[in-house]
>>> print(open('model.csv').read())   # CSV, C-alpha atoms (C1' of nucleotides)
chain,number,residue,atom,x,y,z
A,1,MET,CA,-23.6,8.5,34.7
A,2,ASP,CA,-22.8,5.6,32.3
A,3,ASP,CA,-19.1,5.7,32.3
A,4,ARG,CA,-18.8,2.5,30.4
A,5,LEU,CA,-20.5,4.1,27.5
A,6,ALA,CA,-18.1,7.0,27.7
A,7,ASP,CA,-15.2,4.6,27.7
A,8,GLU,CA,-16.5,2.8,24.7
A,9,LEU,CA,-16.9,6.1,22.9
A,10,MET,CA,-13.2,6.9,23.7
A,11,GLU,CA,-12.1,3.6,22.2
A,12,LEU,CA,-14.2,4.1,19.1
A,13,ALA,CA,-12.9,7.6,18.8
A,14,PHE,CA,-9.3,6.3,18.9
A,15,ARG,CA,-10.0,3.9,16.1
A,16,LEU,CA,-11.5,6.6,14.0
A,17,ALA,CA,-8.6,8.9,14.7
A,18,GLY,CA,-6.3,6.2,13.6
A,19,ARG,CA,-8.1,6.0,10.2
A,20,ILE,CA,-7.9,9.7,9.8
A,21,ARG,CA,-4.3,9.9,10.7
A,22,THR,CA,-3.4,7.0,8.4
A,23,GLY,CA,-5.3,8.6,5.5
A,24,ILE,CA,-3.7,12.0,5.9
A,25,ASP,CA,-0.3,10.5,6.3
A,26,ARG,CA,-0.8,8.5,3.1
A,27,THR,CA,-2.0,11.6,1.3
A,28,ALA,CA,1.0,13.7,2.4
A,29,THR,CA,3.4,10.9,1.6
A,30,GLY,CA,1.9,10.6,-1.8
A,31,LEU,CA,2.6,14.2,-2.4
A,32,ASP,CA,6.2,13.9,-1.1
A,33,LEU,CA,5.5,16.0,2.0
A,34,PRO,CA,6.6,15.2,5.5
A,35,PRO,CA,3.8,15.6,8.0
A,36,ALA,CA,4.9,18.9,9.4
A,37,GLN,CA,5.4,20.5,6.0
A,38,ALA,CA,1.9,19.2,5.0
A,39,GLN,CA,0.3,20.7,8.0
A,40,ALA,CA,2.1,24.0,7.3
A,41,LEU,CA,1.1,24.0,3.6
A,42,MET,CA,-2.5,23.2,4.5
A,43,HIS,CA,-2.9,26.3,6.6
A,44,LEU,CA,-0.6,28.8,5.0
A,45,ARG,CA,-2.2,32.1,4.1
A,46,SER,CA,-0.2,33.6,1.3
A,47,PRO,CA,1.4,36.0,2.0
A,48,ALA,CA,1.8,35.6,5.8
A,49,PRO,CA,4.6,36.3,8.2
A,50,MET,CA,6.4,33.2,9.6
A,51,ARG,CA,5.2,34.2,13.1
A,52,GLU,CA,1.6,33.6,12.0
A,53,LEU,CA,2.5,30.1,10.9
A,54,ALA,CA,4.0,29.3,14.3
A,55,ASP,CA,0.7,30.5,15.9
A,56,ILE,CA,-1.4,28.4,13.6
A,57,MET,CA,0.6,25.3,14.1
A,58,ALA,CA,0.8,26.0,17.9
A,59,CYS,CA,4.5,25.3,17.9
A,60,ASP,CA,7.6,27.3,18.8
A,61,ALA,CA,8.9,29.7,16.2
A,62,SER,CA,12.2,27.9,16.0
A,63,ASN,CA,10.5,24.9,14.4
A,64,VAL,CA,9.0,27.0,11.7
A,65,THR,CA,12.4,27.8,10.4
A,66,GLY,CA,13.1,24.2,9.6
A,67,ILE,CA,9.7,23.5,8.2
A,68,VAL,CA,9.9,26.5,5.9
A,69,ASP,CA,13.4,25.5,4.9
A,70,GLY,CA,11.9,22.3,3.7
A,71,LEU,CA,9.1,24.0,1.8
A,72,GLU,CA,11.5,26.4,0.2
A,73,ARG,CA,13.9,23.6,-0.8
A,74,ARG,CA,10.9,22.0,-2.6
A,75,GLY,CA,10.1,25.3,-4.3
A,76,LEU,CA,6.7,25.6,-2.7
A,77,VAL,CA,7.2,28.8,-0.8
A,78,GLN,CA,9.5,31.9,-0.9
A,79,ARG,CA,10.6,34.1,2.0
A,80,ARG,CA,10.2,37.8,1.2
A,81,PRO,CA,11.4,40.5,3.5
A,82,ASP,CA,8.5,42.7,4.6
A,83,PRO,CA,9.3,46.3,3.4
A,84,ARG,CA,7.3,47.8,6.3
A,85,ASP,CA,9.0,45.8,9.1
A,86,ARG,CA,12.3,44.5,8.1
A,87,ARG,CA,12.4,41.9,10.9
A,88,VAL,CA,9.5,40.1,9.3
A,89,LYS,CA,9.7,37.6,6.5
A,90,ASN,CA,6.5,37.0,4.6
A,91,LEU,CA,5.9,33.6,3.2
A,92,VAL,CA,4.5,33.5,-0.3
A,93,LEU,CA,3.3,30.3,-2.1
A,94,THR,CA,4.8,29.7,-5.5
A,95,GLU,CA,2.6,28.5,-8.2
A,96,GLU,CA,3.8,25.0,-7.6
A,97,GLY,CA,3.1,25.5,-3.9
A,98,GLU,CA,-0.5,26.5,-4.6
A,99,ALA,CA,-1.0,23.5,-6.7
A,100,LYS,CA,0.5,21.2,-4.0
A,101,ARG,CA,-1.7,22.8,-1.4
A,102,ASP,CA,-4.8,22.3,-3.5
A,103,ALA,CA,-3.9,18.7,-4.1
A,104,LEU,CA,-3.3,18.2,-0.4
A,105,ARG,CA,-6.7,19.7,0.5
A,106,ALA,CA,-8.4,17.6,-2.1
A,107,GLY,CA,-6.7,14.5,-0.7
A,108,ILE,CA,-7.8,15.3,2.8
A,109,SER,CA,-11.3,15.9,1.6
A,110,GLU,CA,-11.2,12.4,0.1
A,111,VAL,CA,-10.1,11.0,3.4
A,112,ALA,CA,-13.0,12.8,5.1
A,113,ALA,CA,-15.5,11.5,2.6
A,114,GLU,CA,-14.2,8.0,3.2
A,115,VAL,CA,-14.0,8.1,7.0
A,116,PHE,CA,-17.4,9.9,7.4
A,117,HIS,CA,-19.0,7.5,4.9
A,118,LEU,CA,-22.6,7.9,6.1
A,119,PRO,CA,-26.0,8.8,4.7
A,120,ALA,CA,-26.5,12.6,4.7
A,121,ALA,CA,-28.9,12.5,7.6
A,122,ASP,CA,-26.4,10.6,9.7
A,123,ARG,CA,-23.7,13.0,8.8
A,124,ARG,CA,-25.8,15.9,9.9
A,125,ALA,CA,-26.7,14.1,13.2
A,126,LEU,CA,-23.0,13.5,13.8
A,127,ARG,CA,-22.1,17.1,13.0
A,128,ASP,CA,-24.7,18.2,15.5
A,129,LEU,CA,-23.4,15.9,18.2
A,130,PHE,CA,-19.8,17.1,17.6
A,131,ARG,CA,-20.9,20.7,17.9
A,132,LYS,CA,-22.8,20.0,21.0
A,133,MET,CA,-19.7,18.5,22.7
A,134,LEU,CA,-17.5,21.3,21.5
A,135,ASP,CA,-19.8,24.1,22.6
A,136,ASP,CA,-19.9,22.8,26.2
A,137,PRO,CA,-19.6,26.0,28.3
A,138,ALA,CA,-17.3,24.2,30.7
A,139,ASP,CA,-14.8,24.9,27.9
A,140,GLY,CA,-15.4,28.7,27.8
A,141,PRO,CA,-17.9,31.0,26.0
A,142,VAL,CA,-19.8,29.3,23.2
A,143,GLY,CA,-18.3,29.8,19.8
A,144,ALA,CA,-15.2,31.6,21.2
A,145,PRO,CA,-12.7,31.9,18.3
A,146,THR,CA,-9.5,30.0,18.7
A,147,GLY,CA,-7.4,31.5,15.9
A,148,ALA,CA,-6.6,28.0,14.7
A,149,SER,CA,-8.6,25.6,12.6
A,150,ALA,CA,-8.7,22.0,11.5
A,151,LEU,CA,-5.4,20.1,11.5
A,152,SER,CA,-3.8,22.6,13.8
A,153,ARG,CA,-3.5,21.5,17.5
A,154,PRO,CA,-6.1,23.4,19.3
A,155,GLU,CA,-6.6,23.4,23.2
B,1,MET,CA,-22.1,13.9,-2.1
B,2,ASP,CA,-21.9,16.8,0.3
B,3,ASP,CA,-18.2,17.1,0.7
B,4,ARG,CA,-18.3,20.4,2.6
B,5,LEU,CA,-20.2,18.5,5.3
B,6,ALA,CA,-17.5,15.9,5.4
B,7,ASP,CA,-14.8,18.6,5.6
B,8,GLU,CA,-16.6,20.2,8.5
B,9,LEU,CA,-16.8,16.8,10.3
B,10,MET,CA,-13.1,16.5,9.8
B,11,GLU,CA,-12.4,19.8,11.4
B,12,LEU,CA,-14.7,19.1,14.3
B,13,ALA,CA,-13.1,15.7,14.8
B,14,PHE,CA,-9.7,17.4,15.0
B,15,ARG,CA,-10.9,19.7,17.7
B,16,LEU,CA,-12.3,16.8,19.6
B,17,ALA,CA,-9.1,14.8,19.2
B,18,GLY,CA,-7.2,17.8,20.5
B,19,ARG,CA,-9.3,17.8,23.7
B,20,ILE,CA,-8.8,14.1,24.2
B,21,ARG,CA,-5.1,14.2,23.6
B,22,THR,CA,-4.7,17.2,26.0
B,23,GLY,CA,-6.8,15.4,28.7
B,24,ILE,CA,-4.8,12.2,28.4
B,25,ASP,CA,-1.5,14.0,28.4
B,26,ARG,CA,-2.5,15.9,31.5
B,27,THR,CA,-3.5,12.7,33.2
B,28,ALA,CA,-0.3,10.9,32.3
B,29,THR,CA,1.8,13.9,33.3
B,30,GLY,CA,0.0,14.1,36.6
B,31,LEU,CA,0.9,10.5,37.2
B,32,ASP,CA,4.5,11.2,36.3
B,33,LEU,CA,4.3,9.1,33.2
B,34,PRO,CA,5.7,10.0,29.7
B,35,PRO,CA,3.2,9.3,27.0
B,36,ALA,CA,4.8,6.1,25.7
B,37,GLN,CA,5.0,4.6,29.1
B,38,ALA,CA,1.4,5.6,29.8
B,39,GLN,CA,0.3,3.9,26.7
B,40,ALA,CA,2.2,0.8,27.5
B,41,LEU,CA,1.0,0.7,31.1
B,42,MET,CA,-2.6,1.2,29.9
B,43,HIS,CA,-2.5,-2.0,27.8
B,44,LEU,CA,-0.2,-4.2,29.6
B,45,ARG,CA,-1.5,-7.6,30.4
B,46,SER,CA,0.4,-9.0,33.3
B,47,PRO,CA,2.2,-11.2,32.8
B,48,ALA,CA,2.9,-10.8,29.1
B,49,PRO,CA,6.0,-11.2,26.9
B,50,MET,CA,7.6,-8.0,25.6
B,51,ARG,CA,6.9,-9.0,22.1
B,52,GLU,CA,3.2,-8.7,22.8
B,53,LEU,CA,3.6,-5.2,24.0
B,54,ALA,CA,5.3,-4.2,20.8
B,55,ASP,CA,2.3,-5.7,18.9
B,56,ILE,CA,-0.2,-3.9,21.0
B,57,MET,CA,1.6,-0.6,20.6
B,58,ALA,CA,2.1,-1.2,16.9
B,59,CYS,CA,5.8,-0.2,17.1
B,60,ASP,CA,9.1,-1.9,16.6
B,61,ALA,CA,10.4,-4.2,19.3
B,62,SER,CA,13.5,-2.1,19.8
B,63,ASN,CA,11.3,0.7,21.2
B,64,VAL,CA,9.8,-1.5,23.8
B,65,THR,CA,13.2,-2.0,25.4
B,66,GLY,CA,13.5,1.7,26.3
B,67,ILE,CA,9.9,2.0,27.3
B,68,VAL,CA,10.1,-1.0,29.6
B,69,ASP,CA,13.4,0.3,30.9
B,70,GLY,CA,11.5,3.4,32.1
B,71,LEU,CA,8.7,1.5,33.6
B,72,GLU,CA,11.2,-0.7,35.4
B,73,ARG,CA,13.2,2.3,36.7
B,74,ARG,CA,9.9,3.6,38.2
B,75,GLY,CA,9.3,0.3,39.9
B,76,LEU,CA,6.1,-0.4,37.9
B,77,VAL,CA,7.1,-3.6,36.1
B,78,GLN,CA,9.6,-6.4,36.4
B,79,ARG,CA,11.2,-8.4,33.7
B,80,ARG,CA,11.0,-12.2,34.4
B,81,PRO,CA,12.7,-14.8,32.2
B,82,ASP,CA,10.2,-17.2,30.8
B,83,PRO,CA,11.1,-20.7,32.1
B,84,ARG,CA,9.5,-22.4,29.1
B,85,ASP,CA,11.2,-20.3,26.4
B,86,ARG,CA,14.4,-18.6,27.7
B,87,ARG,CA,14.5,-16.1,24.9
B,88,VAL,CA,11.3,-14.5,26.3
B,89,LYS,CA,11.1,-12.0,29.1
B,90,ASN,CA,7.7,-11.7,30.7
B,91,LEU,CA,6.6,-8.4,32.0
B,92,VAL,CA,4.9,-8.4,35.4
B,93,LEU,CA,3.3,-5.4,37.0
B,94,THR,CA,4.4,-4.7,40.5
B,95,GLU,CA,1.8,-3.7,43.1
B,96,GLU,CA,2.7,-0.1,42.5
B,97,GLY,CA,2.4,-0.7,38.8
B,98,GLU,CA,-1.1,-2.0,39.1
B,99,ALA,CA,-2.1,0.9,41.3
B,100,LYS,CA,-0.6,3.3,38.7
B,101,ARG,CA,-2.4,1.6,35.8
B,102,ASP,CA,-5.7,1.7,37.7
B,103,ALA,CA,-5.2,5.4,38.4
B,104,LEU,CA,-4.4,6.0,34.7
B,105,ARG,CA,-7.5,4.2,33.6
B,106,ALA,CA,-9.6,6.1,36.0
B,107,GLY,CA,-8.1,9.4,34.7
B,108,ILE,CA,-8.8,8.5,31.1
B,109,SER,CA,-12.3,7.6,32.0
B,110,GLU,CA,-12.7,11.0,33.5
B,111,VAL,CA,-11.5,12.6,30.3
B,112,ALA,CA,-13.9,10.4,28.4
B,113,ALA,CA,-16.8,11.5,30.6
B,114,GLU,CA,-15.8,15.2,30.1
B,115,VAL,CA,-15.3,15.0,26.4
B,116,PHE,CA,-18.4,13.0,25.7
B,117,HIS,CA,-20.5,15.1,28.0
B,118,LEU,CA,-23.8,14.5,26.4
B,119,PRO,CA,-27.3,13.2,27.5
B,120,ALA,CA,-27.5,9.4,27.6
B,121,ALA,CA,-29.6,9.3,24.4
B,122,ASP,CA,-27.1,11.4,22.5
B,123,ARG,CA,-24.2,9.2,23.7
B,124,ARG,CA,-25.9,6.2,22.4
B,125,ALA,CA,-26.6,7.9,19.1
B,126,LEU,CA,-23.0,8.9,18.9
B,127,ARG,CA,-21.8,5.4,19.7
B,128,ASP,CA,-24.1,4.0,16.9
B,129,LEU,CA,-22.8,6.5,14.4
B,130,PHE,CA,-19.2,5.6,15.3
B,131,ARG,CA,-19.9,1.9,15.0
B,132,LYS,CA,-21.5,2.5,11.6
B,133,MET,CA,-18.5,4.3,10.3
B,134,LEU,CA,-16.0,1.7,11.6
B,135,ASP,CA,-18.0,-1.3,10.4
B,136,ASP,CA,-17.9,-0.1,6.8
B,137,PRO,CA,-17.1,-3.2,4.8
B,138,ALA,CA,-14.8,-1.1,2.6
B,139,ASP,CA,-12.4,-1.6,5.5
B,140,GLY,CA,-12.7,-5.4,5.7
B,141,PRO,CA,-15.0,-7.9,7.2
B,142,VAL,CA,-17.3,-6.5,9.8
B,143,GLY,CA,-16.0,-6.9,13.3
B,144,ALA,CA,-12.7,-8.4,12.3
B,145,PRO,CA,-10.5,-8.5,15.3
B,146,THR,CA,-7.5,-6.2,15.2
B,147,GLY,CA,-5.5,-7.5,18.2
B,148,ALA,CA,-5.2,-3.9,19.4
B,149,SER,CA,-7.6,-1.7,21.3
B,150,ALA,CA,-8.1,1.9,22.3
B,151,LEU,CA,-5.1,4.1,22.6
B,152,SER,CA,-3.1,1.8,20.4
B,153,ARG,CA,-2.5,2.8,16.8
B,154,PRO,CA,-4.6,0.6,14.7
B,155,GLU,CA,-5.0,0.7,10.9
C,1,DT,C1',16.8,-20.8,10.0
C,2,DA,C1',13.7,-18.1,12.7
C,3,DT,C1',12.6,-15.5,16.9
C,4,DT,C1',13.3,-12.6,21.4
C,5,DG,C1',15.3,-9.0,23.1
C,6,DT,C1',19.2,-5.7,23.1
C,7,DT,C1',22.4,-2.2,21.3
C,8,DA,C1',23.9,1.3,18.1
C,9,DT,C1',22.5,4.5,15.1
C,10,DA,C1',19.7,7.9,12.6
C,11,DC,C1',15.8,10.8,11.5
C,12,DT,C1',11.8,13.5,12.8
C,13,DC,C1',9.4,16.5,15.7
C,14,DT,C1',9.5,19.5,19.5
C,15,DA,C1',11.4,22.7,23.1
C,16,DT,C1',14.7,26.1,25.3
C,17,DA,C1',18.3,29.4,25.2
C,18,DA,C1',21.3,32.5,23.1
C,19,DC,C1',22.0,35.3,19.2
C,20,DT,C1',21.0,39.2,15.2
C,21,DA,C1',18.6,42.7,13.4
C,22,DT,C1',15.4,45.3,13.8
C,23,DA,C1',11.5,48.1,16.2
D,1,DT,C1',12.8,46.7,26.0
D,2,DA,C1',10.4,43.8,23.0
D,3,DT,C1',9.8,41.2,18.7
D,4,DA,C1',10.9,38.2,14.2
D,5,DG,C1',13.6,35.0,12.8
D,6,DT,C1',17.9,32.0,13.2
D,7,DT,C1',21.1,28.8,15.2
D,8,DA,C1',22.7,25.3,18.5
D,9,DT,C1',21.4,22.0,21.3
D,10,DA,C1',18.8,18.5,23.7
D,11,DG,C1',15.0,15.4,24.5
D,12,DA,C1',11.3,12.5,23.1
D,13,DG,C1',9.5,8.9,19.7
D,14,DT,C1',10.3,5.9,16.0
D,15,DA,C1',12.8,3.1,12.5
D,16,DT,C1',16.6,-0.1,10.6
D,17,DA,C1',20.4,-3.1,11.1
D,18,DA,C1',23.5,-6.1,13.5
D,19,DC,C1',24.0,-9.0,17.3
D,20,DA,C1',23.7,-12.8,21.2
D,21,DA,C1',21.0,-16.3,23.0
D,22,DT,C1',17.7,-19.5,22.2
D,23,DA,C1',14.3,-22.2,19.7
>>> encode(input="model.csv", output="structure tokens")
Amino acid sequence: MDDRLADELMELAFRLAGRIRTGIDRTATGLDLPPAQAQALMHLRSPAPMRELADIMACDASNVTGIVDGLERRGLVQRRPDPRDRRVKNLVLTEEGEAKRDALRAGISEVAAEVFHLPAADRRALRDLFRKMLDDPADGPVGAPTGASALSRPE
Amino acid sequence: MDDRLADELMELAFRLAGRIRTGIDRTATGLDLPPAQAQALMHLRSPAPMRELADIMACDASNVTGIVDGLERRGLVQRRPDPRDRRVKNLVLTEEGEAKRDALRAGISEVAAEVFHLPAADRRALRDLFRKMLDDPADGPVGAPTGASALSRPE
DNA sequence: TATTGTTATACTCTATAACTATA
DNA sequence: TATAGTTATAGAGTATAACAATA
């Protein structure tokens, strides 16, 4: 196998990842959101129990407390006790929270459009190559659901 | 423009980045190296002044002190005063340090081979698409040197 | 004056363990 | 017993500021 080519791909991937990270950080900072709060806001179903957010972010539940504290301080979410299971607190986005989340998503879409600045045919080719790598059965059944999505920390 | 396609590419890129990160973390852990020390070891020219390592890792010089402390504790590098400029300390890999660095590079090459597990033609196509994205003149002159390379945190 | 490297300090992110209140 | 969420605490990683030695 041509390992030098794989090494070059690794290096190129790192440079692209750097661009994506920089773009997202800039977006989050522009919206006055620390990275962890941005990631949470990005993926928050509303309403959803805190436990679900910990699963999506693939982090310990104890972290979620602090992250949600921050979101609550900013008036973006509220904690509401679940009437059916009083251990649970459901997170509900405020109106401002929804607006912030939408702005965040729009900003990240802009970053995507900039980073993947390619003719449509190239974009499709790239998508197909990405899918091919991710569907590799060495990783498990094809298309197995992960429960997490973009910006979470899968695998 | 087809922004949904760009969004999908972003999500796929995150999943790939997760695989790469997991693989590299596993490699570094297997070699008993914390991530920061692994990154430093990966890129250390030998001999090189500490200042250069800070530049390569794109972090503050004060961090390098601690990282090099760790590498020195493990017997992987030595600090040597530069005879020509006595402010400078040159970092020199020990024999064990060179062996560790080689093992690290080999491990990361393995991760690259696994992640970019594609037929040769697809790999070349992917490389060309990556290059196309990175050469976008919106980012500056084509091929402008960055001073940093893979695994560093460019941009 | 400017630079190399160090120290002290602080902030963020993350994890573990112990706790409470529920179930 | 087990789970949801909190708190306390500790460990990385990173940043700034002040400092000593040297240029």
>>> interface_residues(input="model.csv", of="chain B", to="chain C", cutoff="9 Å", atoms="only C-alpha atoms (C1' of nucleotides)", output="list in words")
Met50, Arg51, Ala61, Ser62, Thr65, Arg86, Arg87, Val88 and Lys89 of chain B
>>> closest_residue(input="model.csv", among="B:Ala38, B:Leu44, B:Leu9, B:Ile67", to="chain D", atoms="all atoms listed in the file")
B:Ile67
>>> closest_atom_pairs(input="model.csv", of="chain A", to="chain B", cutoff="8 Å", atoms="all atoms listed in the file", output="CSV")
residue,atom,partner,partner_atom,distance
A:Asp2,CA,B:Ala120,CA,7.7
A:Asp3,CA,B:Ala113,CA,6.5
A:Leu5,CA,B:Arg123,CA,7.4
A:Ala6,CA,B:Ala112,CA,5.4
A:Asp7,CA,B:Ala112,CA,6.0
A:Glu8,CA,B:Arg127,CA,7.7
A:Leu9,CA,B:Arg127,CA,5.9
A:Met10,CA,B:Ala112,CA,5.9
A:Glu11,CA,B:Ala150,CA,4.3
A:Leu12,CA,B:Phe130,CA,6.5
A:Ala13,CA,B:Phe130,CA,7.5
A:Phe14,CA,B:Ala150,CA,5.7
A:Arg15,CA,B:Pro154,CA,6.5
A:Leu16,CA,B:Leu134,CA,7.1
A:Ala17,CA,B:Ala17,CA,7.4
A:Gly18,CA,B:Pro154,CA,6.0
A:Arg19,CA,B:Glu155,CA,6.2
A:Thr22,CA,B:Glu155,CA,7.0
A:Ser109,CA,B:Asp7,CA,6.0
A:Ala112,CA,B:Ala6,CA,5.5
A:Ala113,CA,B:Ala6,CA,5.6
A:Val115,CA,B:Met133,CA,6.8
A:Phe116,CA,B:Ala6,CA,6.3
A:His117,CA,B:Met133,CA,6.3
A:Leu118,CA,B:Met133,CA,6.9
A:Ala120,CA,B:Asp2,CA,7.6
A:Asp122,CA,B:Leu129,CA,7.2
A:Arg123,CA,B:Leu5,CA,7.4
A:Arg124,CA,B:Leu5,CA,7.7
A:Leu126,CA,B:Leu126,CA,6.9
A:Arg127,CA,B:Leu9,CA,6.0
A:Leu129,CA,B:Leu126,CA,7.0
A:Phe130,CA,B:Leu12,CA,6.4
A:Arg131,CA,B:Leu12,CA,7.3
A:Lys132,CA,B:Leu118,CA,7.8
A:Met133,CA,B:His117,CA,6.3
A:Leu134,CA,B:Leu16,CA,7.1
A:Asp136,CA,B:His117,CA,7.9
A:Ser149,CA,B:Glu11,CA,7.0
A:Ala150,CA,B:Glu11,CA,4.3
A:Leu151,CA,B:Phe14,CA,6.2
A:Ser152,CA,B:Phe14,CA,8.0
A:Arg153,CA,B:Gly18,CA,6.0
A:Pro154,CA,B:Gly18,CA,5.8
A:Glu155,CA,B:Arg19,CA,6.2
>>> interface_residues(input="model.csv", of="chain B", to="chain D", cutoff="12 Å", atoms="all atoms listed in the file", output="count of residues only")
21
>>> closest_residue(input="model.csv", among="A:Ile24, A:Ala54, A:Leu31, A:Val92", to="A:Gln78", atoms="all atoms listed in the file")
A:Val92
>>> atom_distance(input="model.csv", atom1="atom CA of A:Asp135", atom2="atom CA of B:Gly107")
22.3 Å
>>> atom_distance(input="model.csv", atom1="atom CA of A:Ser46", atom2="atom CA of A:Gly97")
10.2 Å
>>> atom_distance(input="model.csv", atom1="atom CA of B:Leu93", atom2="atom CA of B:Gly30")
19.8 Å
>>> build_atoms(input="model.csv", residues="stretch 28-35 of chain B", atoms="all heavy atoms", output="PDB file, keeping the file's coordinate frame")
ATOM      1  N   ALA B  28      -1.553  11.665  32.227  1.00  0.00           N
ATOM      2  CA  ALA B  28      -0.300  10.900  32.300  1.00  0.00           C
ATOM      3  C   ALA B  28       0.775  11.766  33.008  1.00  0.00           C
ATOM      4  O   ALA B  28       1.501  11.258  33.872  1.00  0.00           O
ATOM      5  CB  ALA B  28       0.184  10.594  30.869  1.00  0.00           C
ATOM      6  N   THR B  29       0.841  13.055  32.676  1.00  0.00           N
ATOM      7  CA  THR B  29       1.800  13.900  33.300  1.00  0.00           C
ATOM      8  C   THR B  29       1.563  13.973  34.840  1.00  0.00           C
ATOM      9  O   THR B  29       2.490  13.920  35.640  1.00  0.00           O
ATOM     10  CB  THR B  29       1.756  15.344  32.740  1.00  0.00           C
ATOM     11  OG1 THR B  29       2.018  15.263  31.336  1.00  0.00           O
ATOM     12  CG2 THR B  29       2.779  16.255  33.387  1.00  0.00           C
ATOM     13  N   GLY B  30       0.301  14.062  35.217  1.00  0.00           N
ATOM     14  CA  GLY B  30       0.000  14.100  36.600  1.00  0.00           C
ATOM     15  C   GLY B  30       0.388  12.853  37.370  1.00  0.00           C
ATOM     16  O   GLY B  30       0.619  12.867  38.580  1.00  0.00           O
ATOM     17  N   LEU B  31       0.487  11.751  36.623  1.00  0.00           N
ATOM     18  CA  LEU B  31       0.900  10.500  37.200  1.00  0.00           C
ATOM     19  C   LEU B  31       2.424  10.272  36.993  1.00  0.00           C
ATOM     20  O   LEU B  31       2.931   9.169  37.241  1.00  0.00           O
ATOM     21  CB  LEU B  31       0.122   9.323  36.657  1.00  0.00           C
ATOM     22  CG  LEU B  31      -1.360   9.305  37.056  1.00  0.00           C
ATOM     23  CD1 LEU B  31      -2.139   8.312  36.200  1.00  0.00           C
ATOM     24  CD2 LEU B  31      -1.501   8.957  38.530  1.00  0.00           C
ATOM     25  N   ASP B  32       3.113  11.298  36.512  1.00  0.00           N
ATOM     26  CA  ASP B  32       4.500  11.200  36.300  1.00  0.00           C
ATOM     27  C   ASP B  32       4.903  10.140  35.254  1.00  0.00           C
ATOM     28  O   ASP B  32       5.852   9.382  35.433  1.00  0.00           O
ATOM     29  CB  ASP B  32       5.286  10.974  37.609  1.00  0.00           C
ATOM     30  CG  ASP B  32       6.800  11.052  37.449  1.00  0.00           C
ATOM     31  OD1 ASP B  32       7.267  11.865  36.633  1.00  0.00           O
ATOM     32  OD2 ASP B  32       7.502  10.267  38.120  1.00  0.00           O
ATOM     33  N   LEU B  33       4.098  10.071  34.193  1.00  0.00           N
ATOM     34  CA  LEU B  33       4.300   9.100  33.200  1.00  0.00           C
ATOM     35  C   LEU B  33       4.503   9.741  31.801  1.00  0.00           C
ATOM     36  O   LEU B  33       3.607  10.456  31.359  1.00  0.00           O
ATOM     37  CB  LEU B  33       3.162   8.100  33.071  1.00  0.00           C
ATOM     38  CG  LEU B  33       2.978   7.091  34.204  1.00  0.00           C
ATOM     39  CD1 LEU B  33       1.627   6.414  34.083  1.00  0.00           C
ATOM     40  CD2 LEU B  33       4.101   6.066  34.186  1.00  0.00           C
ATOM     41  N   PRO B  34       5.627   9.519  31.118  1.00  0.00           N
ATOM     42  CA  PRO B  34       5.700  10.000  29.700  1.00  0.00           C
ATOM     43  C   PRO B  34       4.698   9.226  28.890  1.00  0.00           C
ATOM     44  O   PRO B  34       4.327   8.090  29.212  1.00  0.00           O
ATOM     45  CB  PRO B  34       7.152   9.522  29.329  1.00  0.00           C
ATOM     46  CG  PRO B  34       7.872   9.243  30.603  1.00  0.00           C
ATOM     47  CD  PRO B  34       6.843   8.864  31.606  1.00  0.00           C
ATOM     48  N   PRO B  35       4.228   9.851  27.804  1.00  0.00           N
ATOM     49  CA  PRO B  35       3.200   9.300  27.000  1.00  0.00           C
ATOM     50  C   PRO B  35       3.354   7.828  26.598  1.00  0.00           C
ATOM     51  O   PRO B  35       2.425   7.018  26.694  1.00  0.00           O
ATOM     52  CB  PRO B  35       3.134  10.184  25.756  1.00  0.00           C
ATOM     53  CG  PRO B  35       3.689  11.481  26.232  1.00  0.00           C
ATOM     54  CD  PRO B  35       4.676  11.164  27.307  1.00  0.00           C
TER      55      PRO B  35
END
